[in-house]
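*Asks:* Take a look at this one; I'll ask things after.
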Amino acid sequence: MDLIESIWECAKQDKKRIILAEGEEKRNLIAADKIIKEGLAELVLVGDENKIKEKASELNLDISKAEIMDPETSLKTETYARDFYELRKHKGMTIEKSEKMVRDPLYFATMALKDGYVDGMVSGAVHTTGNLLRPGLQIIKTAPGVKIVSGFFVMIIPDCDYGEEGLLLFADCAVNPNPTSDELADIAITTAETARKLCNVEPKVAMLSFSTMGSAKGEMVDKVKNAVEITKKFRPDLAIDGELQLDAAIDSEVAALKAPSSNVAGNANVLVFPDLQTGNIGYKLVQRFAKAKAIGPICQGFAKPINDLSRGCSSEDIVNVVAITVVQAQRGI
Ligand code: ACO
């Protein structure tokens, strides 16, 4: 059974309630029909009820088991406006502004998650990553003990011995443009926990750089070195090392030459990139050149699961992201 199949099985065993903030959109509706048929989640669709029902019937889809919530008419909108105002008044929020903002489907859906009315949220087929994440960062915030939200990919590389027989986690590839050493340490710790909870993999974390164990010097290398020190201080139990070049991190022969005393080099299955440029480019290189399956971006570190879709996503992608979100809600990822 591959990872997605096992995630589907887990999702079905303890169905959670997931809100799709872009409920009027075609790919979301096709996905909703499939999610309901497969029994992967209970769904709430945000949008205009008539529009949603008309579109579903034009597309010959059965979404009758999904609840539809329209921020314009929902009885919850006023409560959400008051609650959002209370949450954000220290940042200058006014009740008038709050009443307007919670009518935005992304803010409405995020408030439904905060309220506990749903267990997870998926969106982003229409909205940008930034616009989806901002309400989550403002309202849901991070899980206890986690400093920042980040985004990872599970990379499944065909005919490959690196990592766990070709399975590796890459982070942060989606959220933080230029993390500090403290933030990089936080990303490393969170991704290691995710590897355990989502993939049943014992994490071996490589903190990537263009330098291996002091082979080059400078501010960029120091940032990664410091992150390794911070992580080791807070989590001495964790198998983590760096700074490491990519080849030394994953290839045992190169590791034997460049980092012979490291217990991670040559065997890493979690790769932490020094910034978002390298992380985002890195996963796309592997995805395209190695024809790898890139599952993600999956957000980690939120107090409750929120996931972003790529605007180029298919309805199949939405189904899989919803199944992953269910499992995140089950396991607190
Ligand atoms: N974790 C936790 N909280 C955060 C984080 C984080 N990573 N980043 C920002 N915040 C909080 C801030 O503390 C602040 O909270 P407050 O208002 O309660 O004080 C709030 O979020 C807003 O912070 P800003 O600094 O104003 O953040 P901004 O709204 O400018 O942007 C965002 C945050 C959206 C995450 C931004 O960094 C961003 O756009 N990142 C890149 C996303 C992206 O484009 N990714 C690439 C595409 S994805 C892909 O291709 C796979």
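We name chains A, B, ... following the order of the structure tokens; residues begin at 1 in each chain, and ligands are numbered from 1 as shown.
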Neighbours of ligand 1 at 7 Å or closer, counting only C-alpha atoms and all ligand atoms: which residues, as a list in words?

*Replies:*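 My answer, listing the contacting residues, is Thr129, Gly130, Asn131, Leu133, Arg134, Leu137, Gln138, Lys141, Thr142, Lys147, Ile148, Val149, Ser150, Cys173, Ala174, Val175, Asn176, Pro177, Asn280, Pro297 and Ser310 of chain A.
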
*Asks:* List the spatial neighbours of segment 9-21 of chain A as number ranges by chain - criterion: any atom at most 9 Å away, only C-alpha atoms, same-chain residues fewer than 4 positions off excluded.

*Replies:* A: 4-5, 28, 32, 38-47, 105-110, 112-113, 117-124, 322-327, 329-330

*Asks:* If you count only C-alpha atoms, which residues fall within 10 Å of segment 54-61 of chain A, apart from same-chain ones fewer than 3 positions away, as a count of residues only?

*Replies:* 13

*Asks:* Extract the full set of alpha helix (DSSP H) residues from segment 50-130 of chain A according to DSSP on the backbone, and format it as a ChimeraX atom specification.

*Replies:* /A:50-58,77-88,95-101,105-115,129-130

*Asks:* Which polymer residues have any atom within 12 Å of an atom of Lys284 of chain A, counting only C-alpha atoms, with same-chain residues fewer than 6 positions away left out, as a VMD selection string?

*Replies:* chain A and resid 153 155 170 173 to 174 277 to 278 290 to 297
